[in-house]
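Trainee: So here's model.csv, just CSV, C-alpha atoms:
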chain,number,residue,atom,x,y,z
W,253,PRO,CA,-21.5,-33.6,-57.4
W,254,ALA,CA,-17.7,-33.8,-57.1
W,255,SER,CA,-15.7,-30.5,-56.7
W,256,PHE,CA,-12.4,-30.2,-58.5
W,257,PRO,CA,-9.6,-27.5,-58.3
W,258,LEU,CA,-10.0,-24.5,-60.6
W,259,PRO,CA,-7.4,-21.9,-61.5
W,260,PRO,CA,-7.4,-19.0,-59.0
W,261,PRO,CA,-9.3,-15.8,-60.2
W,262,LEU,CA,-7.2,-13.8,-62.6
W,263,PRO,CA,-6.0,-10.4,-61.4
W,264,PRO,CA,-7.0,-7.4,-63.6
W,265,LEU,CA,-4.5,-7.0,-66.5
W,266,PRO,CA,-2.1,-4.1,-65.8
W,267,PRO,CA,-2.2,-1.2,-68.2
W,268,THR,CA,0.3,-1.0,-71.0
W,269,THR,CA,2.2,2.1,-72.1
W,270,ASP,CA,4.8,2.3,-74.8
W,271,GLY,CA,4.9,-1.4,-75.3
W,272,GLU,CA,5.7,-2.2,-71.6
W,273,ILE,CA,3.8,-4.7,-69.6
W,274,GLU,CA,4.6,-6.9,-66.5
W,275,MET,CA,3.9,-10.6,-66.7
W,276,ASP,CA,1.8,-12.3,-64.1
W,277,ASP,CA,3.0,-12.6,-60.5
W,278,PRO,CA,5.1,-15.9,-60.3
W,279,ALA,CA,3.4,-16.6,-56.9
W,280,SER,CA,0.1,-17.2,-58.6
W,281,GLU,CA,-0.7,-20.9,-58.2
W,282,TYR,CA,-1.6,-21.6,-61.8
W,283,ALA,CA,0.8,-19.1,-63.3
W,284,GLY,CA,3.8,-21.3,-62.6
W,285,ILE,CA,4.4,-22.9,-66.0
W,286,GLY,CA,7.1,-25.0,-64.4
W,287,SER,CA,4.6,-27.0,-62.4
W,288,LEU,CA,4.9,-30.0,-64.7
W,289,GLY,CA,8.5,-30.4,-63.9
W,290,VAL,CA,9.7,-28.3,-66.9
W,291,SER,CA,12.2,-25.5,-66.1
W,292,THR,CA,10.8,-22.0,-66.8
W,293,ALA,CA,14.2,-20.3,-66.6
W,294,VAL,CA,14.8,-18.0,-69.5
W,295,PRO,CA,18.2,-18.4,-71.2
W,296,PRO,CA,20.9,-16.3,-69.5
W,297,SER,CA,21.3,-14.0,-72.5
W,298,THR,CA,17.9,-12.5,-71.8
W,299,GLY,CA,19.0,-11.2,-68.4
W,300,GLU,CA,16.0,-12.6,-66.7
W,301,SER,CA,15.9,-15.4,-64.1
W,302,GLU,CA,12.2,-16.3,-64.3
W,303,GLY,CA,9.8,-17.3,-67.1
W,304,TYR,CA,7.6,-14.3,-66.1
W,305,VAL,CA,9.4,-11.6,-67.8
W,306,LYS,CA,9.0,-7.9,-68.5
W,307,LEU,CA,8.1,-7.3,-72.1
W,308,GLN,CA,9.3,-3.9,-73.3
W,309,GLY,CA,9.2,-2.7,-76.9
W,310,LYS,CA,10.7,0.2,-78.6
W,311,PRO,CA,8.5,2.5,-80.7
W,312,ASP,CA,9.5,2.7,-84.3
W,313,PRO,CA,7.9,4.5,-87.3
W,314,SER,CA,8.7,1.6,-89.6
W,315,PRO,CA,6.6,-1.4,-88.6
W,316,PRO,CA,7.4,-4.8,-90.0
W,317,VAL,CA,5.2,-6.8,-92.3
W,318,ILE,CA,4.8,-10.4,-91.1
W,319,GLN,CA,3.1,-13.3,-92.8
W,320,THR,CA,0.8,-15.2,-90.4
W,321,ASP,CA,-1.3,-17.0,-93.0
W,322,SER,CA,1.2,-19.8,-93.2
W,323,ALA,CA,1.0,-20.5,-89.5
W,324,PRO,CA,-2.6,-20.2,-88.4
W,325,PRO,CA,-3.8,-21.4,-85.0
W,326,GLN,CA,-4.7,-25.0,-85.0
W,327,THR,CA,-8.1,-26.1,-83.8
W,328,GLU,CA,-7.6,-29.9,-84.3
W,329,PRO,CA,-5.0,-32.1,-82.6
W,330,PRO,CA,-2.0,-32.3,-84.9
W,331,THR,CA,-0.9,-35.6,-86.3
W,332,THR,CA,2.5,-35.2,-84.6
W,333,GLU,CA,0.7,-35.7,-81.3
W,334,ASN,CA,-0.2,-39.2,-82.4
W,335,ARG,CA,3.3,-39.8,-83.6
W,336,ALA,CA,4.9,-39.2,-80.2
W,337,SER,CA,7.3,-41.6,-78.6
W,338,PRO,CA,5.7,-44.9,-77.4
W,339,SER,CA,3.6,-44.5,-74.3
W,340,PRO,CA,1.4,-46.8,-72.2
W,341,PRO,CA,-1.7,-48.0,-74.1
W,342,LEU,CA,-5.1,-46.5,-73.2
W,343,PRO,CA,-6.8,-48.4,-70.4
W,344,VAL,CA,-10.0,-50.3,-71.3
W,345,SER,CA,-11.8,-48.8,-68.4
W,346,LEU,CA,-11.5,-46.0,-65.8
W,347,SER,CA,-12.1,-45.8,-62.1
W,348,LEU,CA,-15.1,-43.7,-61.1
W,349,GLU,CA,-12.8,-41.0,-59.7
W,350,ASP,CA,-10.6,-40.8,-62.8
W,351,SER,CA,-13.7,-40.8,-65.1
W,352,GLU,CA,-15.2,-37.8,-63.2
W,353,LEU,CA,-11.9,-35.9,-63.3
W,354,LEU,CA,-11.4,-36.4,-67.0
W,355,SER,CA,-15.0,-35.6,-67.8
W,356,PHE,CA,-14.8,-32.3,-65.9
W,357,TYR,CA,-11.4,-31.2,-67.1
W,358,SER,CA,-11.9,-32.3,-70.7
W,359,SER,CA,-14.9,-29.9,-70.8
W,360,GLN,CA,-12.8,-27.2,-69.2
W,361,SER,CA,-10.0,-27.7,-71.7
W,362,LEU,CA,-12.4,-27.2,-74.6
W,363,SER,CA,-13.5,-23.9,-73.2
W,364,HIS,CA,-10.0,-22.7,-72.7
W,365,LEU,CA,-8.9,-23.9,-76.1
W,366,SER,CA,-11.7,-21.8,-77.7
W,367,SER,CA,-10.5,-18.8,-75.7
W,368,LEU,CA,-6.9,-19.5,-76.7
W,369,ALA,CA,-7.9,-19.6,-80.4
W,370,ASP,CA,-9.6,-16.2,-80.0
W,371,ALA,CA,-6.5,-14.8,-78.2
W,372,ILE,CA,-4.2,-16.1,-81.0
W,373,ASP,CA,-6.5,-14.6,-83.7
W,374,ALA,CA,-6.3,-11.2,-81.9
W,375,LEU,CA,-2.5,-11.4,-81.7
W,376,PHE,CA,-2.1,-12.4,-85.3
W,377,SER,CA,-4.5,-9.6,-86.3
W,378,SER,CA,-2.3,-7.0,-84.6
W,379,VAL,CA,0.8,-8.5,-86.3
W,380,ARG,CA,-0.9,-8.4,-89.7
W,381,GLY,CA,-1.9,-4.8,-89.0
W,382,ASN,CA,1.7,-3.8,-88.2
W,383,GLN,CA,0.7,-2.6,-84.8
W,384,PRO,CA,3.4,-1.6,-82.3
W,385,PRO,CA,4.6,-3.6,-79.3
W,386,ARG,CA,2.2,-1.8,-76.8
W,387,VAL,CA,-0.6,-3.6,-78.8
W,388,PHE,CA,0.8,-7.0,-79.6
W,389,VAL,CA,2.4,-7.4,-76.2
W,390,SER,CA,-0.9,-6.8,-74.4
W,391,ARG,CA,-2.6,-9.4,-76.7
W,392,GLY,CA,0.3,-11.8,-76.2
W,393,LYS,CA,-0.1,-11.5,-72.4
W,394,SER,CA,-3.8,-12.4,-72.7
W,395,LEU,CA,-2.8,-15.4,-74.8
W,396,ILE,CA,-0.3,-16.6,-72.2
W,397,VAL,CA,-2.7,-16.2,-69.4
W,398,THR,CA,-5.3,-18.3,-71.2
W,399,ALA,CA,-2.7,-21.0,-72.1
W,400,HIS,CA,-1.7,-21.1,-68.4
W,401,LYS,CA,-5.2,-22.5,-67.6
W,402,LEU,CA,-4.5,-25.5,-69.8
W,403,VAL,CA,-1.2,-26.0,-68.1
W,404,PHE,CA,-3.0,-25.9,-64.7
W,405,ILE,CA,-5.3,-28.6,-65.9
W,406,GLY,CA,-2.4,-30.8,-66.9
W,407,ASP,CA,-0.7,-30.2,-63.6
W,408,THR,CA,-3.9,-31.0,-61.6
W,409,LEU,CA,-4.6,-34.2,-63.5
W,410,SER,CA,-1.0,-35.4,-63.2
W,411,ARG,CA,-1.4,-35.2,-59.4
W,412,LEU,CA,-5.0,-36.4,-59.0
W,413,LEU,CA,-5.4,-39.2,-61.5
W,414,ALA,CA,-5.2,-42.6,-59.9
W,415,SER,CA,-4.1,-44.5,-63.0
W,416,PRO,CA,-0.3,-44.4,-63.5
W,417,ASP,CA,-0.8,-44.9,-67.3
W,418,LEU,CA,-3.2,-41.9,-67.5
W,419,ARG,CA,-0.9,-39.8,-65.4
W,420,ALA,CA,2.0,-40.6,-67.7
W,421,LYS,CA,0.1,-39.7,-70.8
W,422,VAL,CA,-1.3,-36.4,-69.4
W,423,THR,CA,2.1,-35.4,-67.9
W,424,ALA,CA,3.9,-36.0,-71.2
W,425,SER,CA,1.4,-34.0,-73.3
W,426,GLY,CA,1.2,-31.3,-70.6
W,427,GLY,CA,4.9,-31.1,-70.5
W,428,ARG,CA,5.1,-30.4,-74.3
W,429,LEU,CA,2.4,-27.7,-73.8
W,430,CYS,CA,4.4,-26.1,-71.0
W,431,GLN,CA,7.6,-26.0,-73.1
W,432,ALA,CA,5.7,-24.4,-76.0
W,433,LEU,CA,4.3,-21.8,-73.6
W,434,LYS,CA,7.7,-21.0,-72.2
W,435,ALA,CA,9.0,-20.5,-75.8
W,436,VAL,CA,6.1,-18.1,-76.5
W,437,VAL,CA,7.0,-16.0,-73.4
W,438,VAL,CA,10.6,-15.7,-74.6
W,439,ALA,CA,9.7,-15.1,-78.3
W,440,THR,CA,7.2,-12.4,-77.4
W,441,LYS,CA,9.7,-10.6,-75.2
W,442,GLY,CA,12.2,-10.8,-78.1
W,443,ALA,CA,9.8,-9.5,-80.7
W,444,ALA,CA,8.9,-6.5,-78.4
W,445,GLN,CA,12.5,-5.7,-77.7
W,446,ALA,CA,13.7,-6.1,-81.3
W,447,TYR,CA,10.8,-4.3,-82.9
W,448,PRO,CA,10.5,-3.7,-85.8
W,449,SER,CA,12.7,-6.8,-86.6
W,450,VAL,CA,10.8,-9.0,-89.0
W,451,PRO,CA,12.7,-12.2,-88.0
W,452,ALA,CA,12.0,-11.6,-84.3
W,453,THR,CA,8.3,-11.0,-85.0
W,454,GLN,CA,8.1,-14.1,-87.2
W,455,GLU,CA,9.7,-16.1,-84.5
W,456,MET,CA,6.9,-15.1,-82.1
W,457,VAL,CA,4.3,-16.0,-84.7
W,458,ASP,CA,5.9,-19.4,-85.3
W,459,ARG,CA,6.1,-20.2,-81.5
W,460,VAL,CA,2.5,-19.1,-81.0
W,461,ALA,CA,1.4,-21.5,-83.9
W,462,GLU,CA,3.3,-24.3,-82.2
W,463,LEU,CA,1.6,-23.5,-78.9
W,464,SER,CA,-1.7,-23.7,-80.6
W,465,GLN,CA,-0.9,-27.2,-81.9
W,466,HIS,CA,0.2,-28.5,-78.6
W,467,ALA,CA,-2.8,-27.0,-76.8
W,468,ALA,CA,-5.1,-28.7,-79.4
W,469,GLY,CA,-3.2,-32.0,-78.9
W,470,PHE,CA,-3.5,-31.8,-75.2
W,471,SER,CA,-7.2,-31.0,-75.2
W,472,GLY,CA,-7.8,-33.8,-77.8
W,473,LEU,CA,-6.0,-36.3,-75.5
W,474,LEU,CA,-8.3,-35.4,-72.7
W,475,GLN,CA,-11.4,-35.8,-74.9
W,476,ARG,CA,-10.2,-39.3,-75.9
W,477,LEU,CA,-9.4,-40.3,-72.4
W,478,ALA,CA,-12.8,-39.0,-71.1
W,479,GLU,CA,-14.6,-41.2,-73.7
W,480,ILE,CA,-13.2,-44.4,-72.2
W,481,SER,CA,-16.1,-46.2,-70.5
Take the structure from the file and write it as structure tokens.
Mentor:
Amino acid sequence: PASFPLPPPLPPLPPTTDGEIEMDDPASEYAGIGSLGVSTAVPPSTGESEGYVKLQGKPDPSPPVIQTDSAPPQTEPPTTENRASPSPPLPVSLSLEDSELLSFYSSQSLSHLSSLADAIDALFSSVRGNQPPRVFVSRGKSLIVTAHKLVFIGDTLSRLLASPDLRAKVTASGGRLCQALKAVVVATKGAAQAYPSVPATQEMVDRVAELSQHAAGFSGLLQRLAEIS
């Protein structure tokens, strides 16, 4: 059977204290969310030069109350994914190599999507429970690490697929996912630093919901492509 690239093993998550946690080492192969050609630079106002930022919260005895019910994680590809700008039509057939790649990675993406949904649920539970940054930052980090695996799949397929049309579709969808992931990194840092700001925490919730939608859309695309005979 064919052997395809997989994300490197994850390092142990560093401990968190008082809401402080270091993001993944930028040198990690799959941790680079700019691998699809999307800049990971954080806006200058954050004072950071990389998308892998230090999230640090400030303890406060007055936790915010955030509504997450209006923005639950999505488990189905959103309709906006199908209303994207015009792109090459799906091919009527696939080469053996592309078929094997898509079959393997579409299955991987479903597994990662399920793990991402669990991570999002854990994060939203901590927000609904008004838990401090040291809790939701740790859960946000787990979410980001899981989403990186989907970005890795997009980057790998954009390099290995033989069909230019397939590469274009996967790269476009993966790029949207990458942008959404970058926004979650920035919003999570902002929510931790501004705690107990309700608007900052709501911004994090909204960006996570968008990430969920793009992740579902990306995985759904791979499932459709893998079904081409």
Trainee: Neighbours of Leu402 (chain W) within 7 Å (only C-alpha atoms; same-chain residues fewer than 3 positions away dropped), as number ranges by chain?
Mentor: W: 361, 364, 399, 405-406
Trainee: Let's have the selection written as a PDB file, in the coordinates of the input, with C-alpha atoms.
Mentor:
ATOM      1  CA  SER W 361     -10.000 -27.700 -71.700  1.00  0.00           C
ATOM      2  CA  HIS W 364     -10.000 -22.700 -72.700  1.00  0.00           C
ATOM      3  CA  ALA W 399      -2.700 -21.000 -72.100  1.00  0.00           C
ATOM      4  CA  ILE W 405      -5.300 -28.600 -65.900  1.00  0.00           C
ATOM      5  CA  GLY W 406      -2.400 -30.800 -66.900  1.00  0.00           C
TER       6      GLY W 406
END
Trainee: Figure out the distance between CA of Ala439 (chain W) and CA of Tyr357 (chain W), please, to one decimal in Å.
Mentor: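 Separation of CA of Tyr357 (chain W) and CA of Ala439 (chain W): 28.8 Å.
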Trainee: Separation of CA of Val437 (chain W) and CA of Phe470 (chain W), in Å?
Mentor: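 About the pair CA of Val437 (chain W) and CA of Phe470 (chain W): they are 19.1 Å apart.
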Trainee: Once you count only C-alpha atoms, which residues end up no further than 8 Å from (13.3, -14.5, -79.2) in the file's frame, shown as number ranges by chain?
Mentor: W: 438-443, 452, 455-456
Trainee: Between CA of Phe256 (chain W) and CA of Leu354 (chain W), what is the distance in Å, rounded to a tenth?
Mentor: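 CA of Phe256 (chain W) sits 10.6 Å away from CA of Leu354 (chain W).
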Trainee: Point out the residue among W:Val422, W:Ala444, W:Lys401, W:Arg428 with the least atom-to-atom distance to Val387 (chain W), counting only C-alpha atoms.
Mentor: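 Among the listed residues, the smallest separation from Val387 (chain W) belongs to W:Ala444.
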Trainee: Between W:Val389, W:Ala371, W:Ile480, W:Ala461, which is the closest to Asp350 (chain W) once you count only C-alpha atoms?
Mentor: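 Between W:Val389, W:Ala371, W:Ile480, W:Ala461, the residue approaching Asp350 (chain W) most closely is W:Ile480.
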Trainee: Please provide the set of residues having any atom within 10 Å of Ser377 (chain W), restricted to all atoms listed in the file, with same-chain residues fewer than 4 positions apart removed, written as a PyMOL selection string.
Mentor: chain W and resi 320+371-373+381-383+388+391
Trainee: Which of these residues is nearest to Asp370 (chain W), using only C-alpha atoms: W:Gln445, W:Thr398, W:Ser347, W:Leu413?
Mentor: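 That would be W:Thr398, the residue with the smallest distance to Asp370 (chain W).
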Trainee: With distances taken over all atoms listed in the file, which residue among W:Thr408, W:Ser415, W:Ser425, W:Ser378 lies nearest Thr453 (chain W)?
Mentor: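 The closest residue to Thr453 (chain W) is W:Ser378.
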